[in-house]
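*Asks:* One structure, as structure tokens, below. Some questions next.
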Amino acid sequence: MKNVNQLFATVAHRVKPPVLIALGPPWPVANIVKMLGLPETEITCAQFDLHQTDRVKECLAEVGAAAETVTVPDIWDLPKRYNTVIFPATAHADREVKLDVVEQGYHTLLQGGTFLTLSEYEKDSQFAKLHKKIFGKCGETPSSELGMAFFSTKTDDETERRRHEVTFHAKIGEGAPMEFVSRPGTFSYGRFDAGSRAMMEVAEIRAGDGVLDLGCGCGAVGCLASQKSGPLGKITFIDSSLRAMALAELNAEKNGVKNTRFVRATRLEGLGANAFNVILANPPYYAKAEITRLFIEGARELLKPGGRYYIVTKMPTAVMPLIFDIFGDCSVIENRGYAVVVSEV
Ligand SMILES: C[S@@+](CC[C@H](N)C(=O)[O-])C[C@H]1O[C@@H](n2cnc3c(N)ncnc32)[C@H](O)[C@@H]1O
């Protein structure tokens, strides 16, 4: 988002405090805070993911600016107290995430407040429609190499909250199908991920096992694992995204999964050593290798003696050196075009 701050400068006169910056990459968010030059209490920066919030804090410190930083499962969890919501939208974000943020941001605005979207696209054809859908009207800056800004005013009486979510079903082998709710901005929206399915079809989970769903997303892996670990088993779900964790809780409850634990963390903290018989990991490979490394290095000490570690990947050659380094040995099971790398301690 190299131009977003220049783009913001063209619409900064529309901003009235208090201001909410909804999502957005850490650097542009921090720079916008600095450009606003408002007291800390007049700006809130909200993210879904604890890791992203940490990054926003780091960037704010680096640019010498201050704001309230919060992590929430839903933007509309924030109080309705803002005169401006700024959404620095990343180009690669799904349409559903964009719609969800505009919709939820609307509910945090005071009457007469402004919603301001900053789009990286030179010719953005999505946001004007999204704004009109929620606010009725939308103004925009001319198309330029900086991208485009869109602005709308909240003029109507509060409309009803509409949730954007998709329910899907999944089953493994002879197990009963389970139903899962997914929401925009969480992995994997609207379907059970093929890689996770490949892993679950080969993972050995025994009655009574303590299982860790590492990077649980909406919790499908852990819920399906509970069918094998049975009533004496225990399922722990961990993710850095609070939206994902809200879904994992919801889905575990909907599917009657008992003996559950939910951990919100970025560095696998709070899980305890030698705690699990099985760890099931499907890291976010699109992100930096840093998270894959954390999901491998950090997992080793979490396993009980004799415990089994499963990690699914399309690129086993990228993962295996690290697995050998940390676990000493591994085997690879090919399934559905994925490699499930298995290690025992
Ligand atoms: C590829 S998704 C897998 C989700 C889920 N297991 C599934 O099969 O649908 C990876 C997950 O890891 C989570 N994640 C990323 N960084 C993390 C971290 N530092 N700690 C915990 N979870 C993290 C992401 O939020 C995402 O939900």
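Residue numbering restarts at 1 for every chain of the structure tokens, chains are lettered A, B, ... in their displayed order, and ligands are numbered from 1 as they appear.
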Could you list, as a ChimeraX atom specification, all residues that come within 8 Å of ligand 1? Count only C-alpha atoms and all ligand atoms.
*Replies:* /A:49,51,186-188,192-193,195-197,213-222,238-241,244,264-268,280-285,291,294-295
*Asks:* Those residues you just picked out, can you put them in a file as an mmCIF file, in the first residue's frame with N, CA and C atoms?
*Replies:*
data_model
loop_
_atom_site.group_PDB
_atom_site.id
_atom_site.type_symbol
_atom_site.label_atom_id
_atom_site.label_comp_id
_atom_site.auth_asym_id
_atom_site.auth_seq_id
_atom_site.Cartn_x
_atom_site.Cartn_y
_atom_site.Cartn_z
ATOM 1 N N ASP A 49 -6.789 -9.799 14.334
ATOM 2 C CA ASP A 49 -5.737 -10.746 14.683
ATOM 3 C C ASP A 49 -4.752 -10.129 15.684
ATOM 4 N N HIS A 51 -1.708 -10.850 16.282
ATOM 5 C CA HIS A 51 -0.394 -10.604 15.695
ATOM 6 C C HIS A 51 -0.383 -9.266 14.939
ATOM 7 N N THR A 186 -11.672 -15.258 7.717
ATOM 8 C CA THR A 186 -11.106 -16.422 8.411
ATOM 9 C C THR A 186 -10.906 -17.531 7.392
ATOM 10 N N PHE A 187 -9.970 -18.377 7.703
ATOM 11 C CA PHE A 187 -9.656 -19.518 6.833
ATOM 12 C C PHE A 187 -10.532 -20.685 7.267
ATOM 13 N N SER A 188 -11.110 -21.485 6.424
ATOM 14 C CA SER A 188 -11.307 -21.220 5.019
ATOM 15 C C SER A 188 -12.792 -20.926 4.839
ATOM 16 N N PHE A 192 -14.631 -26.679 3.789
ATOM 17 C CA PHE A 192 -13.580 -27.341 4.553
ATOM 18 C C PHE A 192 -12.355 -27.430 3.658
ATOM 19 N N ASP A 193 -11.235 -26.963 4.138
ATOM 20 C CA ASP A 193 -10.021 -26.895 3.328
ATOM 21 C C ASP A 193 -9.570 -28.297 2.892
ATOM 22 N N GLY A 195 -6.601 -29.356 2.145
ATOM 23 C CA GLY A 195 -5.388 -29.794 2.835
ATOM 24 C C GLY A 195 -5.711 -30.344 4.219
ATOM 25 N N SER A 196 -6.598 -29.666 4.928
ATOM 26 C CA SER A 196 -6.995 -30.140 6.250
ATOM 27 C C SER A 196 -7.724 -31.475 6.142
ATOM 28 N N ARG A 197 -8.533 -31.626 5.083
ATOM 29 C CA ARG A 197 -9.208 -32.914 4.865
ATOM 30 C C ARG A 197 -8.167 -34.019 4.644
ATOM 31 N N ASP A 213 -5.562 -28.469 17.979
ATOM 32 C CA ASP A 213 -5.859 -27.934 16.637
ATOM 33 C C ASP A 213 -5.083 -26.626 16.536
ATOM 34 N N LEU A 214 -3.902 -26.710 15.891
ATOM 35 C CA LEU A 214 -2.927 -25.613 15.890
ATOM 36 C C LEU A 214 -3.189 -24.677 14.702
ATOM 37 N N GLY A 215 -3.652 -23.465 15.001
ATOM 38 C CA GLY A 215 -4.090 -22.540 13.944
ATOM 39 C C GLY A 215 -5.452 -23.009 13.484
ATOM 40 N N CYS A 216 -6.419 -22.959 14.402
ATOM 41 C CA CYS A 216 -7.671 -23.717 14.220
ATOM 42 C C CYS A 216 -8.641 -23.093 13.226
ATOM 43 N N GLY A 217 -8.474 -21.826 12.853
ATOM 44 C CA GLY A 217 -9.487 -21.212 11.986
ATOM 45 C C GLY A 217 -10.857 -21.364 12.633
ATOM 46 N N CYS A 218 -11.832 -21.822 11.854
ATOM 47 C CA CYS A 218 -13.186 -21.964 12.410
ATOM 48 C C CYS A 218 -13.350 -23.228 13.249
ATOM 49 N N GLY A 219 -12.281 -24.002 13.418
ATOM 50 C CA GLY A 219 -12.309 -25.120 14.368
ATOM 51 C C GLY A 219 -12.728 -26.461 13.786
ATOM 52 N N ALA A 220 -12.831 -26.543 12.449
ATOM 53 C CA ALA A 220 -13.328 -27.783 11.830
ATOM 54 C C ALA A 220 -12.430 -28.983 12.155
ATOM 55 N N VAL A 221 -11.112 -28.782 12.097
ATOM 56 C CA VAL A 221 -10.184 -29.899 12.333
ATOM 57 C C VAL A 221 -10.371 -30.460 13.745
ATOM 58 N N GLY A 222 -10.391 -29.581 14.730
ATOM 59 C CA GLY A 222 -10.532 -30.030 16.124
ATOM 60 C C GLY A 222 -11.875 -30.703 16.373
ATOM 61 N N ILE A 238 -6.365 -23.357 19.154
ATOM 62 C CA ILE A 238 -5.568 -22.126 19.318
ATOM 63 C C ILE A 238 -5.506 -21.379 17.988
ATOM 64 N N ASP A 239 -5.630 -20.065 18.068
ATOM 65 C CA ASP A 239 -5.458 -19.220 16.885
ATOM 66 C C ASP A 239 -5.135 -17.802 17.363
ATOM 67 N N SER A 240 -4.477 -17.035 16.477
ATOM 68 C CA SER A 240 -4.185 -15.636 16.806
ATOM 69 C C SER A 240 -5.317 -14.712 16.371
ATOM 70 N N SER A 241 -6.238 -15.245 15.554
ATOM 71 C CA SER A 241 -7.364 -14.420 15.088
ATOM 72 C C SER A 241 -8.537 -14.562 16.048
ATOM 73 N N ALA A 244 -11.534 -15.973 14.293
ATOM 74 C CA ALA A 244 -11.450 -17.435 14.152
ATOM 75 C C ALA A 244 -11.818 -18.110 15.475
ATOM 76 N N ARG A 264 -6.242 -18.032 22.831
ATOM 77 C CA ARG A 264 -5.994 -16.935 21.887
ATOM 78 C C ARG A 264 -4.561 -16.468 22.115
ATOM 79 N N ALA A 265 -3.676 -16.708 21.160
ATOM 80 C CA ALA A 265 -2.261 -16.375 21.372
ATOM 81 C C ALA A 265 -1.529 -16.289 20.049
ATOM 82 N N THR A 266 -0.376 -15.600 20.063
ATOM 83 C CA THR A 266 0.420 -15.471 18.843
ATOM 84 C C THR A 266 1.689 -16.323 18.870
ATOM 85 N N ARG A 267 2.163 -16.683 20.075
ATOM 86 C CA ARG A 267 3.430 -17.418 20.196
ATOM 87 C C ARG A 267 3.222 -18.785 20.854
ATOM 88 N N LEU A 268 2.047 -19.333 20.750
ATOM 89 C CA LEU A 268 1.682 -20.633 21.341
ATOM 90 C C LEU A 268 1.783 -20.594 22.864
ATOM 91 N N LEU A 280 -2.274 -31.214 15.266
ATOM 92 C CA LEU A 280 -2.689 -31.151 13.859
ATOM 93 C C LEU A 280 -2.463 -29.727 13.364
ATOM 94 N N ALA A 281 -1.566 -29.563 12.378
ATOM 95 C CA ALA A 281 -1.205 -28.209 11.946
ATOM 96 C C ALA A 281 -1.369 -28.030 10.439
ATOM 97 N N ASN A 282 -1.969 -26.930 10.074
ATOM 98 C CA ASN A 282 -2.098 -26.516 8.666
ATOM 99 C C ASN A 282 -1.739 -25.034 8.647
ATOM 100 N N PRO A 283 -0.431 -24.722 8.617
ATOM 101 C CA PRO A 283 -0.011 -23.313 8.786
ATOM 102 C C PRO A 283 -0.435 -22.429 7.618
ATOM 103 N N PRO A 284 -0.465 -21.123 7.851
ATOM 104 C CA PRO A 284 -0.793 -20.196 6.754
ATOM 105 C C PRO A 284 0.434 -20.012 5.873
ATOM 106 N N TYR A 285 0.535 -20.822 4.799
ATOM 107 C CA TYR A 285 1.749 -20.810 3.972
ATOM 108 C C TYR A 285 1.915 -19.533 3.165
ATOM 109 N N ILE A 291 5.710 -18.219 10.558
ATOM 110 C CA ILE A 291 4.610 -18.894 11.261
ATOM 111 C C ILE A 291 4.749 -20.415 11.117
ATOM 112 N N LEU A 294 7.239 -21.400 13.587
ATOM 113 C CA LEU A 294 6.645 -21.395 14.932
ATOM 114 C C LEU A 294 5.794 -22.652 15.142
ATOM 115 N N PHE A 295 5.018 -23.024 14.112
ATOM 116 C CA PHE A 295 4.116 -24.170 14.217
ATOM 117 C C PHE A 295 4.893 -25.498 14.309
#
*Asks:* Excluding same-chain residues fewer than 6 positions from Gly328 in chain A, what lies within 12 Å of it counting only C-alpha atoms, as number ranges by chain?
*Replies:* A: 297, 300, 320-322, 342-345
*Asks:* Keeping only N, CA and C atoms, take the residues you just selected and write them out as a PDB file, in the first residue's frame.
*Replies:*
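Generated output (part_7.pdb):
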ATOM      1  N   GLU A 297       8.617 -25.597  15.377  1.00  0.00           N
ATOM      2  CA  GLU A 297       9.523 -25.480  16.535  1.00  0.00           C
ATOM      3  C   GLU A 297       8.754 -25.465  17.847  1.00  0.00           C
ATOM      4  N   ARG A 300       7.050 -29.017  19.228  1.00  0.00           N
ATOM      5  CA  ARG A 300       7.835 -30.150  19.750  1.00  0.00           C
ATOM      6  C   ARG A 300       7.648 -30.338  21.255  1.00  0.00           C
ATOM      7  N   MET A 320      10.330 -30.113   5.282  1.00  0.00           N
ATOM      8  CA  MET A 320      11.030 -31.252   5.881  1.00  0.00           C
ATOM      9  C   MET A 320      12.381 -30.943   6.525  1.00  0.00           C
ATOM     10  N   PRO A 321      13.196 -30.042   5.964  1.00  0.00           N
ATOM     11  CA  PRO A 321      14.458 -29.753   6.657  1.00  0.00           C
ATOM     12  C   PRO A 321      14.224 -29.283   8.095  1.00  0.00           C
ATOM     13  N   LEU A 322      13.208 -28.487   8.262  1.00  0.00           N
ATOM     14  CA  LEU A 322      12.901 -27.974   9.599  1.00  0.00           C
ATOM     15  C   LEU A 322      12.370 -29.093  10.499  1.00  0.00           C
ATOM     16  N   VAL A 342       4.527 -36.540   9.057  1.00  0.00           N
ATOM     17  CA  VAL A 342       4.199 -37.085  10.378  1.00  0.00           C
ATOM     18  C   VAL A 342       5.482 -37.314  11.169  1.00  0.00           C
ATOM     19  N   SER A 343       5.501 -36.842  12.400  1.00  0.00           N
ATOM     20  CA  SER A 343       6.640 -37.096  13.287  1.00  0.00           C
ATOM     21  C   SER A 343       6.155 -37.604  14.623  1.00  0.00           C
ATOM     22  N   GLU A 344       6.966 -38.434  15.268  1.00  0.00           N
ATOM     23  CA  GLU A 344       6.617 -38.887  16.622  1.00  0.00           C
ATOM     24  C   GLU A 344       7.737 -38.500  17.560  1.00  0.00           C
ATOM     25  N   VAL A 345       7.391 -38.290  18.819  1.00  0.00           N
ATOM     26  CA  VAL A 345       8.468 -37.952  19.780  1.00  0.00           C
ATOM     27  C   VAL A 345       8.613 -39.087  20.794  1.00  0.00           C
TER      28      VAL A 345
END
*Asks:* So that I can check the surroundings of Thr260 in chain A, please list as a list in words every protein, DNA and RNA residue that reaches within 7 Å of it, counting only C-alpha atoms and ignoring chain neighbours fewer than 5 positions away.
*Replies:* Lys234, Ile235 and Thr236 of chain A
*Asks:* With N, CA and C atoms retained, write the just-selected residues as an mmCIF file, in the first residue's frame.
*Replies:*
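Produced file selection_18.cif, reproduced below:
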data_model
loop_
_atom_site.group_PDB
_atom_site.id
_atom_site.type_symbol
_atom_site.label_atom_id
_atom_site.label_comp_id
_atom_site.auth_asym_id
_atom_site.auth_seq_id
_atom_site.Cartn_x
_atom_site.Cartn_y
_atom_site.Cartn_z
ATOM 1 N N LYS A 234 -9.675 -34.764 24.841
ATOM 2 C CA LYS A 234 -9.766 -33.330 25.126
ATOM 3 C C LYS A 234 -9.258 -32.580 23.895
ATOM 4 N N ILE A 235 -10.001 -31.565 23.464
ATOM 5 C CA ILE A 235 -9.595 -30.828 22.260
ATOM 6 C C ILE A 235 -9.252 -29.390 22.644
ATOM 7 N N THR A 236 -8.033 -28.963 22.262
ATOM 8 C CA THR A 236 -7.623 -27.574 22.484
ATOM 9 C C THR A 236 -7.538 -26.878 21.125
#
*Asks:* Which neighbours of Thr153 in chain A fall inside 7 Å, counting only C-alpha atoms, when residues of the same chain fewer than 4 positions from it are skipped, and could you give them as a ChimeraX atom specification?
*Replies:* /A:112-115,135
*Asks:* Measuring between only C-alpha atoms, which one of A:Leu242, A:Leu232, A:Cys330, A:Leu212 shows the shortest distance to Lys304 in chain A?
*Replies:*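 The shortest atom-to-atom distance to Lys304 in chain A comes from A:Leu212.
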